[in-house]
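Participant: Starting off with a structure, shown below.
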Amino acid sequence: MEMQRVGVVGAGTMGNGIAHVFARAGYNVVLCDVEQRFLDRALETVTKNLEREVANNKVTAEAKAGALSRIRPVTDRGQLADCDFVIEAATEKFEIKTEIFRDLDRLTRPEIILASNTSSISITKLAAQTKRPEKVIGMHFFNPVPVMKLVEVIRGLATSQDTFASVRELSMKLEKTPVEVNDAPGFVSNRVLMPLLNEAMYAVMEGVATADAVDEVFKLGMAHPMGPLTLADFIGLDVCLDIMRVLQSGMGDPKYRPCPLLIKMVDAGWLGRKSGRGFYTY
Ligand SMILES: NC(=O)c1ccc[n+]([C@@H]2O[C@H](COP(=O)([O-])OP(=O)(O)OC[C@H]3O[C@@H](n4cnc5c(N)ncnc54)[C@H](O)[C@@H]3O)[C@@H](O)[C@H]2O)c1
C-alpha cells in the first residue's frame with residue numbers, strides 16, 4: 001500500500017525528529033501530543049533544525065518550507081484516523097504506550113502498520129494490546145534523528161514478513177539504513193551499549209580511573225566520538241538506569257546489575273546534561 005499520510009504520536013526529542021525526516025521525504029505528517037505547548041516546541045525545533053540543514057546546503061529553502069507545511073500538529077488523537085502508517089514516540093512508560101496502542105488499534109484502519117520507537121519495551125507485548133499483532137513492529141530511530149543513519153527494525157513474535165518488508169523499505173525512503181533485529185530486552189543497541197556505560201561507571205565508582213580518564217581511553221584508544229560517561233550524561237542517567245533495569249529483569253542475569261553509583265546519582269537528581277550535573281557539570 002502506498003503510504004502518504006503518517007501519524008507520529010509524541011512530539012518530544014524523538015517525535016519531532018521523526019516528523020522532520022518523514023516531512024523532508026515528502027510525507028504528510030500528523031504530529032500528535034497531549035498539549036499544544038509540546039507541539040509548539042516541536043515545531044520550533046524542527047524549524048531550527050531545517051534552517052541548519054539549509055545553511056549546510058543539505059536542503060533548499062524551498063524544500064524546508066515544503067517540509068514544514070506538511071506537518072500538521074494536533075492534540076486530538078482522532079485526527080490520526082486517516083493515516084496510512086503510525087509511529088508512536090511517546091514517553092517510555094509501558095502504561096502510556098499500552099493505552100496509545102489500544103486506542104490506535106481502535107481508531108485507525110485495521111490494515112495499517114503501527115510502529116513504536118521504544119528503546120526497551122517489548123514489541124511483542126505492545127503488539128498483544130492490539131487485534132493486529134502481525135502489523136506491529138519496532139522502528140527504533142537514533143538521536144538526533146535527522147542526522148543518525150540507523151533504524152533498528154524490530155520484529156515482535158507475531159510481526160509478519162510483509163510488515164517487516166514495508167518498514168525496511170520505508171526506512172530506506174527516509175535515507176536511513178535499516179538493520180533487522182528480533183525482539184529481546186534492549187534489542188541490540190542498548191543490550192550492548194548500556195552494559196558498556198554501566199561498566200564505565202563501575203570503573204569510576206571503584207576508583208580505577210576518573211570519568212575524564214575513562215572517556216579519554218575510549219576516545220583515543222577505540223576512536224569513539226565521545227567517551228561512555230559523556231554519552232551517559234547525554235542520554236540521561238535516569239534513562240540509562242531504566243534501561244539497565246529492563247535488561248536486568250528481562251534477562252534475569254546478574255551481569256546486568258545497575259551500577260550503585262548510577263542509582264545514587266539518579267536518586268540525587270543528577271541526571272546528566274539535562275539537569276546540569278552528571279559525571280560532568282554543565
Ligand atoms: N531520547 C533518545 O535518545 C531516544 C532514542 C531512541 C528511542 N527513544 C524512545 O523514543 C520515545 C520518546 O522518547 P523522547 O526522548 O522523545 O521522550 P520525550 O520525553 O522527549 O518526549 C515524549 C513526548 O511524548 C508525549 N506524550 C506522553 N504521553 C503521550 C500520549 N499519551 N499521547 C501523545 N503524546 C504523549 C510527551 O508529552 C512528550 O512530548 C521513548 O519510547 C524512548 O525510549 C529515545
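Labels used: A, B, ... for chains in the order of the C-alpha cells, numbers from 1 for residues in each chain, and numbers from 1 for ligands as shown.
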Counting only C-alpha atoms and all ligand atoms, what residues are within 8 Å of ligand 1, given as a PDB file with all heavy atoms, in the first residue's frame?

Facilitator:
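For reference, out_34.pdb as written:
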ATOM      1  N   VAL A   9       2.999   9.872  17.135  1.00  0.00           N
ATOM      2  CA  VAL A   9       2.413  10.138  18.453  1.00  0.00           C
ATOM      3  C   VAL A   9       3.534  10.442  19.434  1.00  0.00           C
ATOM      4  O   VAL A   9       4.404   9.592  19.666  1.00  0.00           O
ATOM      5  CB  VAL A   9       1.591   8.917  18.951  1.00  0.00           C
ATOM      6  CG1 VAL A   9       0.979   9.217  20.315  1.00  0.00           C
ATOM      7  CG2 VAL A   9       0.524   8.558  17.946  1.00  0.00           C
ATOM      8  N   GLY A  10       3.520  11.656  19.993  1.00  0.00           N
ATOM      9  CA  GLY A  10       4.611  12.091  20.872  1.00  0.00           C
ATOM     10  C   GLY A  10       5.491  13.043  20.074  1.00  0.00           C
ATOM     11  O   GLY A  10       6.007  12.675  19.005  1.00  0.00           O
ATOM     12  N   ALA A  11       5.620  14.297  20.571  1.00  0.00           N
ATOM     13  CA  ALA A  11       6.361  15.312  19.810  1.00  0.00           C
ATOM     14  C   ALA A  11       7.588  15.780  20.592  1.00  0.00           C
ATOM     15  O   ALA A  11       7.990  16.936  20.499  1.00  0.00           O
ATOM     16  CB  ALA A  11       5.436  16.482  19.489  1.00  0.00           C
ATOM     17  N   GLY A  12       8.174  14.867  21.372  1.00  0.00           N
ATOM     18  CA  GLY A  12       9.373  15.223  22.152  1.00  0.00           C
ATOM     19  C   GLY A  12      10.627  15.131  21.302  1.00  0.00           C
ATOM     20  O   GLY A  12      10.585  15.314  20.078  1.00  0.00           O
ATOM     21  N   THR A  13      11.742  14.844  21.964  1.00  0.00           N
ATOM     22  CA  THR A  13      13.044  14.764  21.288  1.00  0.00           C
ATOM     23  C   THR A  13      12.979  13.892  20.036  1.00  0.00           C
ATOM     24  O   THR A  13      13.439  14.285  18.964  1.00  0.00           O
ATOM     25  CB  THR A  13      14.077  14.128  22.260  1.00  0.00           C
ATOM     26  OG1 THR A  13      14.007  14.812  23.485  1.00  0.00           O
ATOM     27  CG2 THR A  13      15.471  14.156  21.717  1.00  0.00           C
ATOM     28  N   MET A  14      12.421  12.705  20.186  1.00  0.00           N
ATOM     29  CA  MET A  14      12.417  11.768  19.065  1.00  0.00           C
ATOM     30  C   MET A  14      11.277  12.059  18.095  1.00  0.00           C
ATOM     31  O   MET A  14      11.461  12.006  16.880  1.00  0.00           O
ATOM     32  CB  MET A  14      12.318  10.328  19.588  1.00  0.00           C
ATOM     33  CG  MET A  14      13.487   9.934  20.447  1.00  0.00           C
ATOM     34  SD  MET A  14      15.091  10.131  19.629  1.00  0.00           S
ATOM     35  CE  MET A  14      15.071   8.778  18.461  1.00  0.00           C
ATOM     36  N   GLY A  15      10.087  12.359  18.655  1.00  0.00           N
ATOM     37  CA  GLY A  15       8.918  12.597  17.794  1.00  0.00           C
ATOM     38  C   GLY A  15       9.147  13.746  16.831  1.00  0.00           C
ATOM     39  O   GLY A  15       8.789  13.666  15.650  1.00  0.00           O
ATOM     40  N   ASN A  16       9.772  14.834  17.304  1.00  0.00           N
ATOM     41  CA  ASN A  16       9.973  15.957  16.370  1.00  0.00           C
ATOM     42  C   ASN A  16      10.989  15.588  15.289  1.00  0.00           C
ATOM     43  O   ASN A  16      10.860  15.992  14.127  1.00  0.00           O
ATOM     44  CB  ASN A  16      10.280  17.280  17.100  1.00  0.00           C
ATOM     45  CG  ASN A  16      11.713  17.445  17.528  1.00  0.00           C
ATOM     46  OD1 ASN A  16      12.629  17.433  16.713  1.00  0.00           O
ATOM     47  ND2 ASN A  16      11.933  17.628  18.821  1.00  0.00           N
ATOM     48  N   CYS A  32       1.086  14.310  16.842  1.00  0.00           N
ATOM     49  CA  CYS A  32       0.109  14.364  17.940  1.00  0.00           C
ATOM     50  C   CYS A  32       0.804  14.350  19.303  1.00  0.00           C
ATOM     51  O   CYS A  32       1.696  13.533  19.539  1.00  0.00           O
ATOM     52  CB  CYS A  32      -0.799  13.142  17.801  1.00  0.00           C
ATOM     53  SG  CYS A  32      -1.986  12.961  19.121  1.00  0.00           S
ATOM     54  N   ASP A  33       0.401  15.273  20.172  1.00  0.00           N
ATOM     55  CA  ASP A  33       0.890  15.236  21.559  1.00  0.00           C
ATOM     56  C   ASP A  33      -0.263  15.647  22.459  1.00  0.00           C
ATOM     57  O   ASP A  33      -1.334  16.036  21.969  1.00  0.00           O
ATOM     58  CB  ASP A  33       2.124  16.145  21.750  1.00  0.00           C
ATOM     59  CG  ASP A  33       3.030  15.661  22.894  1.00  0.00           C
ATOM     60  OD1 ASP A  33       2.543  15.474  24.021  1.00  0.00           O
ATOM     61  OD2 ASP A  33       4.241  15.480  22.655  1.00  0.00           O
ATOM     62  N   VAL A  34      -0.052  15.571  23.775  1.00  0.00           N
ATOM     63  CA  VAL A  34      -1.178  15.790  24.684  1.00  0.00           C
ATOM     64  C   VAL A  34      -1.475  17.272  24.926  1.00  0.00           C
ATOM     65  O   VAL A  34      -2.575  17.620  25.334  1.00  0.00           O
ATOM     66  CB  VAL A  34      -0.945  15.073  26.041  1.00  0.00           C
ATOM     67  CG1 VAL A  34      -1.139  13.573  25.880  1.00  0.00           C
ATOM     68  CG2 VAL A  34       0.430  15.362  26.606  1.00  0.00           C
ATOM     69  N   GLU A  35      -0.480  18.138  24.702  1.00  0.00           N
ATOM     70  CA  GLU A  35      -0.718  19.567  24.939  1.00  0.00           C
ATOM     71  C   GLU A  35      -0.120  20.386  23.806  1.00  0.00           C
ATOM     72  O   GLU A  35       0.942  20.049  23.276  1.00  0.00           O
ATOM     73  CB  GLU A  35      -0.074  20.016  26.256  1.00  0.00           C
ATOM     74  CG  GLU A  35      -0.837  19.562  27.483  1.00  0.00           C
ATOM     75  CD  GLU A  35      -0.197  20.080  28.765  1.00  0.00           C
ATOM     76  OE1 GLU A  35       0.238  21.253  28.777  1.00  0.00           O
ATOM     77  OE2 GLU A  35      -0.131  19.304  29.723  1.00  0.00           O
ATOM     78  N   PHE A  38       3.648  21.391  23.762  1.00  0.00           N
ATOM     79  CA  PHE A  38       4.660  20.418  23.320  1.00  0.00           C
ATOM     80  C   PHE A  38       4.769  20.443  21.793  1.00  0.00           C
ATOM     81  O   PHE A  38       5.846  20.271  21.228  1.00  0.00           O
ATOM     82  CB  PHE A  38       4.314  19.011  23.806  1.00  0.00           C
ATOM     83  CG  PHE A  38       4.251  18.897  25.307  1.00  0.00           C
ATOM     84  CD1 PHE A  38       3.207  18.221  25.924  1.00  0.00           C
ATOM     85  CD2 PHE A  38       5.224  19.474  26.117  1.00  0.00           C
ATOM     86  CE1 PHE A  38       3.141  18.115  27.309  1.00  0.00           C
ATOM     87  CE2 PHE A  38       5.166  19.378  27.500  1.00  0.00           C
ATOM     88  CZ  PHE A  38       4.113  18.700  28.101  1.00  0.00           C
ATOM     89  N   LEU A  39       3.623  20.675  21.149  1.00  0.00           N
ATOM     90  CA  LEU A  39       3.619  20.742  19.675  1.00  0.00           C
ATOM     91  C   LEU A  39       4.325  22.011  19.201  1.00  0.00           C
ATOM     92  O   LEU A  39       5.100  21.981  18.245  1.00  0.00           O
ATOM     93  CB  LEU A  39       2.175  20.704  19.168  1.00  0.00           C
ATOM     94  CG  LEU A  39       1.456  19.374  19.435  1.00  0.00           C
ATOM     95  CD1 LEU A  39      -0.050  19.533  19.287  1.00  0.00           C
ATOM     96  CD2 LEU A  39       1.973  18.287  18.496  1.00  0.00           C
ATOM     97  N   THR A  75      -3.745  17.932  18.854  1.00  0.00           N
ATOM     98  CA  THR A  75      -3.837  17.347  20.202  1.00  0.00           C
ATOM     99  C   THR A  75      -4.938  16.283  20.240  1.00  0.00           C
ATOM    100  O   THR A  75      -4.994  15.495  21.180  1.00  0.00           O
ATOM    101  CB  THR A  75      -4.152  18.434  21.260  1.00  0.00           C
ATOM    102  OG1 THR A  75      -5.260  19.193  20.799  1.00  0.00           O
ATOM    103  CG2 THR A  75      -2.970  19.341  21.533  1.00  0.00           C
ATOM    104  N   ARG A  77      -6.298  12.955  19.142  1.00  0.00           N
ATOM    105  CA  ARG A  77      -5.765  11.731  18.525  1.00  0.00           C
ATOM    106  C   ARG A  77      -6.668  11.207  17.400  1.00  0.00           C
ATOM    107  O   ARG A  77      -6.199  10.469  16.522  1.00  0.00           O
ATOM    108  CB  ARG A  77      -5.549  10.676  19.606  1.00  0.00           C
ATOM    109  CG  ARG A  77      -4.470   9.703  19.249  1.00  0.00           C
ATOM    110  CD  ARG A  77      -4.365   8.596  20.274  1.00  0.00           C
ATOM    111  NE  ARG A  77      -3.653   8.990  21.473  1.00  0.00           N
ATOM    112  CZ  ARG A  77      -3.817   8.383  22.650  1.00  0.00           C
ATOM    113  NH1 ARG A  77      -4.658   7.395  22.780  1.00  0.00           N
ATOM    114  NH2 ARG A  77      -3.136   8.771  23.710  1.00  0.00           N
ATOM    115  N   GLU A  88       4.643   5.501  17.105  1.00  0.00           N
ATOM    116  CA  GLU A  88       4.490   6.030  18.466  1.00  0.00           C
ATOM    117  C   GLU A  88       5.879   6.352  19.015  1.00  0.00           C
ATOM    118  O   GLU A  88       6.791   5.507  18.945  1.00  0.00           O
ATOM    119  CB  GLU A  88       3.742   4.977  19.310  1.00  0.00           C
ATOM    120  CG  GLU A  88       3.706   5.201  20.791  1.00  0.00           C
ATOM    121  CD  GLU A  88       4.982   4.709  21.453  1.00  0.00           C
ATOM    122  OE1 GLU A  88       5.464   3.612  21.114  1.00  0.00           O
ATOM    123  OE2 GLU A  88       5.520   5.464  22.290  1.00  0.00           O
ATOM    124  N   ALA A  89       6.038   7.591  19.510  1.00  0.00           N
ATOM    125  CA  ALA A  89       7.314   8.007  20.117  1.00  0.00           C
ATOM    126  C   ALA A  89       6.990   8.796  21.384  1.00  0.00           C
ATOM    127  O   ALA A  89       7.512   9.886  21.612  1.00  0.00           O
ATOM    128  CB  ALA A  89       8.123   8.846  19.136  1.00  0.00           C
ATOM    129  N   ALA A  90       6.096   8.231  22.190  1.00  0.00           N
ATOM    130  CA  ALA A  90       5.701   8.897  23.439  1.00  0.00           C
ATOM    131  C   ALA A  90       6.625   8.449  24.567  1.00  0.00           C
ATOM    132  O   ALA A  90       7.517   7.612  24.370  1.00  0.00           O
ATOM    133  CB  ALA A  90       4.245   8.565  23.755  1.00  0.00           C
ATOM    134  N   THR A  91       6.402   9.017  25.723  1.00  0.00           N
ATOM    135  CA  THR A  91       7.203   8.749  26.920  1.00  0.00           C
ATOM    136  C   THR A  91       7.385   7.241  27.155  1.00  0.00           C
ATOM    137  O   THR A  91       6.447   6.464  26.962  1.00  0.00           O
ATOM    138  CB  THR A  91       6.462   9.383  28.125  1.00  0.00           C
ATOM    139  OG1 THR A  91       6.136  10.727  27.745  1.00  0.00           O
ATOM    140  CG2 THR A  91       7.310   9.402  29.373  1.00  0.00           C
ATOM    141  N   GLU A  92       8.601   6.871  27.561  1.00  0.00           N
ATOM    142  CA  GLU A  92       8.957   5.447  27.718  1.00  0.00           C
ATOM    143  C   GLU A  92       8.335   4.846  28.988  1.00  0.00           C
ATOM    144  O   GLU A  92       9.029   4.569  29.969  1.00  0.00           O
ATOM    145  CB  GLU A  92      10.493   5.329  27.738  1.00  0.00           C
ATOM    146  CG  GLU A  92      11.044   3.912  27.750  1.00  0.00           C
ATOM    147  CD  GLU A  92      10.980   3.218  26.393  1.00  0.00           C
ATOM    148  OE1 GLU A  92      10.281   3.691  25.490  1.00  0.00           O
ATOM    149  OE2 GLU A  92      11.634   2.182  26.262  1.00  0.00           O
ATOM    150  N   LYS A  93       7.017   4.704  28.966  1.00  0.00           N
ATOM    151  CA  LYS A  93       6.323   4.059  30.100  1.00  0.00           C
ATOM    152  C   LYS A  93       5.360   3.045  29.501  1.00  0.00           C
ATOM    153  O   LYS A  93       4.555   3.399  28.617  1.00  0.00           O
ATOM    154  CB  LYS A  93       5.493   5.087  30.898  1.00  0.00           C
ATOM    155  CG  LYS A  93       6.320   6.090  31.681  1.00  0.00           C
ATOM    156  CD  LYS A  93       6.527   5.617  33.124  1.00  0.00           C
ATOM    157  CE  LYS A  93       7.383   6.551  33.942  1.00  0.00           C
ATOM    158  NZ  LYS A  93       8.807   6.575  33.648  1.00  0.00           N
ATOM    159  N   ILE A  96       1.647   4.051  29.398  1.00  0.00           N
ATOM    160  CA  ILE A  96       1.334   5.088  28.402  1.00  0.00           C
ATOM    161  C   ILE A  96       1.248   4.455  27.014  1.00  0.00           C
ATOM    162  O   ILE A  96       0.309   4.668  26.257  1.00  0.00           O
ATOM    163  CB  ILE A  96       2.391   6.219  28.437  1.00  0.00           C
ATOM    164  CG1 ILE A  96       2.272   6.991  29.757  1.00  0.00           C
ATOM    165  CG2 ILE A  96       2.262   7.145  27.234  1.00  0.00           C
ATOM    166  CD1 ILE A  96       3.244   8.151  29.910  1.00  0.00           C
ATOM    167  N   LYS A  97       2.221   3.619  26.709  1.00  0.00           N
ATOM    168  CA  LYS A  97       2.252   3.023  25.367  1.00  0.00           C
ATOM    169  C   LYS A  97       1.102   2.028  25.190  1.00  0.00           C
ATOM    170  O   LYS A  97       0.528   1.922  24.107  1.00  0.00           O
ATOM    171  CB  LYS A  97       3.617   2.375  25.114  1.00  0.00           C
ATOM    172  CG  LYS A  97       4.728   3.449  25.024  1.00  0.00           C
ATOM    173  CD  LYS A  97       6.024   2.858  24.553  1.00  0.00           C
ATOM    174  CE  LYS A  97       7.218   3.780  24.714  1.00  0.00           C
ATOM    175  NZ  LYS A  97       7.317   4.864  23.754  1.00  0.00           N
ATOM    176  N   GLU A  99      -1.874   2.198  26.489  1.00  0.00           N
ATOM    177  CA  GLU A  99      -3.100   2.965  26.215  1.00  0.00           C
ATOM    178  C   GLU A  99      -3.084   3.474  24.778  1.00  0.00           C
ATOM    179  O   GLU A  99      -4.098   3.405  24.076  1.00  0.00           O
ATOM    180  CB  GLU A  99      -3.185   4.125  27.228  1.00  0.00           C
ATOM    181  CG  GLU A  99      -4.489   4.922  27.195  1.00  0.00           C
ATOM    182  CD  GLU A  99      -4.503   6.022  26.144  1.00  0.00           C
ATOM    183  OE1 GLU A  99      -3.451   6.645  25.905  1.00  0.00           O
ATOM    184  OE2 GLU A  99      -5.569   6.246  25.551  1.00  0.00           O
ATOM    185  N   ILE A 100      -1.948   3.960  24.327  1.00  0.00           N
ATOM    186  CA  ILE A 100      -1.854   4.501  22.961  1.00  0.00           C
ATOM    187  C   ILE A 100      -2.099   3.391  21.927  1.00  0.00           C
ATOM    188  O   ILE A 100      -2.872   3.565  20.982  1.00  0.00           O
ATOM    189  CB  ILE A 100      -0.480   5.176  22.726  1.00  0.00           C
ATOM    190  CG1 ILE A 100      -0.367   6.439  23.590  1.00  0.00           C
ATOM    191  CG2 ILE A 100      -0.274   5.507  21.256  1.00  0.00           C
ATOM    192  CD1 ILE A 100       1.014   7.088  23.579  1.00  0.00           C
ATOM    193  N   SER A 116       6.468   1.314  16.924  1.00  0.00           N
ATOM    194  CA  SER A 116       6.891   2.017  18.140  1.00  0.00           C
ATOM    195  C   SER A 116       8.375   2.332  18.042  1.00  0.00           C
ATOM    196  O   SER A 116       9.158   1.521  17.541  1.00  0.00           O
ATOM    197  CB  SER A 116       6.654   1.149  19.382  1.00  0.00           C
ATOM    198  OG  SER A 116       7.173   1.825  20.516  1.00  0.00           O
ATOM    199  N   ASN A 117       8.731   3.514  18.556  1.00  0.00           N
ATOM    200  CA  ASN A 117      10.140   3.909  18.602  1.00  0.00           C
ATOM    201  C   ASN A 117      10.761   3.555  19.966  1.00  0.00           C
ATOM    202  O   ASN A 117      11.828   4.035  20.310  1.00  0.00           O
ATOM    203  CB  ASN A 117      10.223   5.423  18.358  1.00  0.00           C
ATOM    204  CG  ASN A 117      11.642   5.931  18.275  1.00  0.00           C
ATOM    205  OD1 ASN A 117      12.436   5.429  17.495  1.00  0.00           O
ATOM    206  ND2 ASN A 117      11.984   6.911  19.099  1.00  0.00           N
ATOM    207  N   THR A 118      10.086   2.737  20.745  1.00  0.00           N
ATOM    208  CA  THR A 118      10.586   2.418  22.090  1.00  0.00           C
ATOM    209  C   THR A 118      12.043   1.948  22.080  1.00  0.00           C
ATOM    210  O   THR A 118      12.475   1.259  21.154  1.00  0.00           O
ATOM    211  CB  THR A 118       9.719   1.332  22.759  1.00  0.00           C
ATOM    212  OG1 THR A 118      10.275   1.043  24.034  1.00  0.00           O
ATOM    213  CG2 THR A 118       9.620   0.063  21.957  1.00  0.00           C
ATOM    214  N   SER A 119      12.770   2.289  23.156  1.00  0.00           N
ATOM    215  CA  SER A 119      14.169   1.863  23.289  1.00  0.00           C
ATOM    216  C   SER A 119      14.269   0.531  24.007  1.00  0.00           C
ATOM    217  O   SER A 119      15.314  -0.108  23.966  1.00  0.00           O
ATOM    218  CB  SER A 119      14.953   2.857  24.136  1.00  0.00           C
ATOM    219  OG  SER A 119      14.929   4.110  23.571  1.00  0.00           O
ATOM    220  N   SER A 120      13.229   0.159  24.739  1.00  0.00           N
ATOM    221  CA  SER A 120      13.421  -1.016  25.581  1.00  0.00           C
ATOM    222  C   SER A 120      12.168  -1.832  25.854  1.00  0.00           C
ATOM    223  O   SER A 120      12.261  -2.921  26.400  1.00  0.00           O
ATOM    224  CB  SER A 120      14.024  -0.573  26.920  1.00  0.00           C
ATOM    225  OG  SER A 120      13.137   0.304  27.594  1.00  0.00           O
ATOM    226  N   ILE A 121      10.992  -1.308  25.502  1.00  0.00           N
ATOM    227  CA  ILE A 121       9.764  -2.055  25.824  1.00  0.00           C
ATOM    228  C   ILE A 121       9.534  -3.133  24.762  1.00  0.00           C
ATOM    229  O   ILE A 121       9.799  -2.912  23.580  1.00  0.00           O
ATOM    230  CB  ILE A 121       8.572  -1.077  25.950  1.00  0.00           C
ATOM    231  CG1 ILE A 121       8.794  -0.206  27.200  1.00  0.00           C
ATOM    232  CG2 ILE A 121       7.248  -1.808  26.021  1.00  0.00           C
ATOM    233  CD1 ILE A 121       7.838   0.948  27.350  1.00  0.00           C
ATOM    234  N   HIS A 140      13.123   1.772  15.485  1.00  0.00           N
ATOM    235  CA  HIS A 140      13.913   2.453  16.513  1.00  0.00           C
ATOM    236  C   HIS A 140      14.922   3.391  15.863  1.00  0.00           C
ATOM    237  O   HIS A 140      15.953   2.951  15.340  1.00  0.00           O
ATOM    238  CB  HIS A 140      14.618   1.383  17.366  1.00  0.00           C
ATOM    239  CG  HIS A 140      15.317   1.905  18.574  1.00  0.00           C
ATOM    240  ND1 HIS A 140      16.348   1.227  19.187  1.00  0.00           N
ATOM    241  CD2 HIS A 140      15.134   3.030  19.296  1.00  0.00           C
ATOM    242  CE1 HIS A 140      16.766   1.917  20.225  1.00  0.00           C
ATOM    243  NE2 HIS A 140      16.056   3.008  20.320  1.00  0.00           N
ATOM    244  N   PHE A 141      14.579   4.690  15.914  1.00  0.00           N
ATOM    245  CA  PHE A 141      15.474   5.729  15.387  1.00  0.00           C
ATOM    246  C   PHE A 141      16.470   6.129  16.471  1.00  0.00           C
ATOM    247  O   PHE A 141      16.268   5.861  17.647  1.00  0.00           O
ATOM    248  CB  PHE A 141      14.650   6.969  15.002  1.00  0.00           C
ATOM    249  CG  PHE A 141      13.791   6.806  13.781  1.00  0.00           C
ATOM    250  CD1 PHE A 141      12.502   6.288  13.867  1.00  0.00           C
ATOM    251  CD2 PHE A 141      14.263   7.195  12.533  1.00  0.00           C
ATOM    252  CE1 PHE A 141      11.710   6.156  12.740  1.00  0.00           C
ATOM    253  CE2 PHE A 141      13.475   7.068  11.399  1.00  0.00           C
ATOM    254  CZ  PHE A 141      12.192   6.548  11.500  1.00  0.00           C
ATOM    255  N   PHE A 142      17.504   6.857  16.051  1.00  0.00           N
ATOM    256  CA  PHE A 142      18.542   7.277  17.000  1.00  0.00           C
ATOM    257  C   PHE A 142      18.644   8.800  17.023  1.00  0.00           C
ATOM    258  O   PHE A 142      18.301   9.470  16.048  1.00  0.00           O
ATOM    259  CB  PHE A 142      19.870   6.587  16.640  1.00  0.00           C
ATOM    260  CG  PHE A 142      19.785   5.124  17.005  1.00  0.00           C
ATOM    261  CD1 PHE A 142      19.053   4.245  16.218  1.00  0.00           C
ATOM    262  CD2 PHE A 142      20.325   4.653  18.180  1.00  0.00           C
ATOM    263  CE1 PHE A 142      18.884   2.915  16.591  1.00  0.00           C
ATOM    264  CE2 PHE A 142      20.169   3.330  18.565  1.00  0.00           C
ATOM    265  CZ  PHE A 142      19.450   2.455  17.764  1.00  0.00           C
ATOM    266  N   ASN A 143      19.073   9.300  18.127  1.00  0.00           N
ATOM    267  CA  ASN A 143      19.080  10.735  18.402  1.00  0.00           C
ATOM    268  C   ASN A 143      20.427  11.371  18.021  1.00  0.00           C
ATOM    269  O   ASN A 143      21.450  10.844  18.459  1.00  0.00           O
ATOM    270  CB  ASN A 143      18.833  10.908  19.915  1.00  0.00           C
ATOM    271  CG  ASN A 143      18.676  12.350  20.336  1.00  0.00           C
ATOM    272  OD1 ASN A 143      18.395  13.210  19.524  1.00  0.00           O
ATOM    273  ND2 ASN A 143      18.889  12.616  21.611  1.00  0.00           N
ATOM    274  N   PRO A 144      20.479  12.462  17.278  1.00  0.00           N
ATOM    275  CA  PRO A 144      19.388  13.198  16.642  1.00  0.00           C
ATOM    276  C   PRO A 144      18.912  12.533  15.337  1.00  0.00           C
ATOM    277  O   PRO A 144      19.740  12.204  14.481  1.00  0.00           O
ATOM    278  CB  PRO A 144      20.030  14.565  16.345  1.00  0.00           C
ATOM    279  CG  PRO A 144      21.509  14.326  16.310  1.00  0.00           C
ATOM    280  CD  PRO A 144      21.804  13.113  17.134  1.00  0.00           C
ATOM    281  N   ILE A 235      22.619  10.940  27.183  1.00  0.00           N
ATOM    282  CA  ILE A 235      21.380  10.137  27.096  1.00  0.00           C
ATOM    283  C   ILE A 235      20.451  10.469  28.269  1.00  0.00           C
ATOM    284  O   ILE A 235      19.228  10.494  28.120  1.00  0.00           O
ATOM    285  CB  ILE A 235      21.727   8.624  27.113  1.00  0.00           C
ATOM    286  CG1 ILE A 235      22.477   8.246  25.835  1.00  0.00           C
ATOM    287  CG2 ILE A 235      20.479   7.768  27.283  1.00  0.00           C
ATOM    288  CD1 ILE A 235      23.065   6.835  25.855  1.00  0.00           C
TER     289      ILE A 235
END

Participant: Taking 5 positions as the minimum chain separation for residues in the same chain, which residues sit within 12 Å of Leu50 of chain A when counting only C-alpha atoms? Answer as a list in words.

Facilitator: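 Skipping anything fewer than 5 positions along the chain leaves Asn16, Gly17, Ala19, His20, Val21, Ala23, Arg24, Leu43, Glu44, Thr45, Ala55, Asn56, Asn57, Lys58, Val59, Thr60, Ala61, Glu62, Ala63, Lys64, Ala65, Gly66, Ala67, Leu68, Pro146 and Val147 of chain A.
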
Participant: Tell me, which residues of segment 10-219 of chain A carry DSSP strand (DSSP E or B), written as a PyMOL selection string?

Facilitator: chain A and resi 28-32+71-74+85-88+113-116+136-141+150-155+177-182

Participant: Determine which residues of segment 10-223 of chain A DSSP labels as alpha helix (DSSP H) from the backbone of this structure, then write them out as an MDAnalysis selection string.

Facilitator: chainID A and resid 13:24 36:55 61:69 94:107 123:127 161:173 189:205 211:216 222

Participant: Taking only C-alpha atoms into account, which of A:Val192, A:Leu157, A:Met201, A:Val6 comes nearest Thr108 of chain A?

Facilitator: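 Closest residue, counting only C-alpha atoms: A:Val6.
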
Participant: Near segment 180-188 of chain A, within 8 Å and counting only C-alpha atoms, which residues show up once chain neighbours fewer than 3 positions away are dropped, as a PyMOL selection string?

Facilitator: chain A and resi 119-124+152-157+191-192+243+246-247+250-251

Participant: In Å to one decimal, how far is atom CA of Tyr202 of chain A from atom CA of Pro258 of chain A?

Facilitator: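 It comes out at 9.2 Å.
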
Participant: Hey, what's within 7 Å of Phe279 of chain A if we count only C-alpha atoms and toss same-chain stuff fewer than 4 positions away? As a PyMOL selection string, please?

Facilitator: chain A and resi 211+229+233+272

Participant: With C-alpha atoms retained, could you export that selection as a short mmCIF file (atom, residue, chain, number, x, y, z; two decimals), in the first residue's frame?

Facilitator:
data_model
loop_
_atom_site.label_atom_id
_atom_site.label_comp_id
_atom_site.auth_asym_id
_atom_site.auth_seq_id
_atom_site.Cartn_x
_atom_site.Cartn_y
_atom_site.Cartn_z
CA ALA A 211 35.44 9.92 34.45
CA LEU A 229 30.39 8.77 30.60
CA ASP A 233 25.23 12.18 30.59
CA GLY A 272 23.36 14.30 33.28
#

Participant: Using Å and a single decimal, report how far atom CA of Leu31 of chain A sits from atom CA of Val239 of chain A.

Facilitator: 23.8 Å

Participant: Between A:Gln36, A:Thr130, A:Asn198, A:Thr163, single out the one closest to Phe85 of chain A, counting only C-alpha atoms.

Facilitator: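 Closest to Phe85 of chain A, using only C-alpha atoms: A:Thr163.
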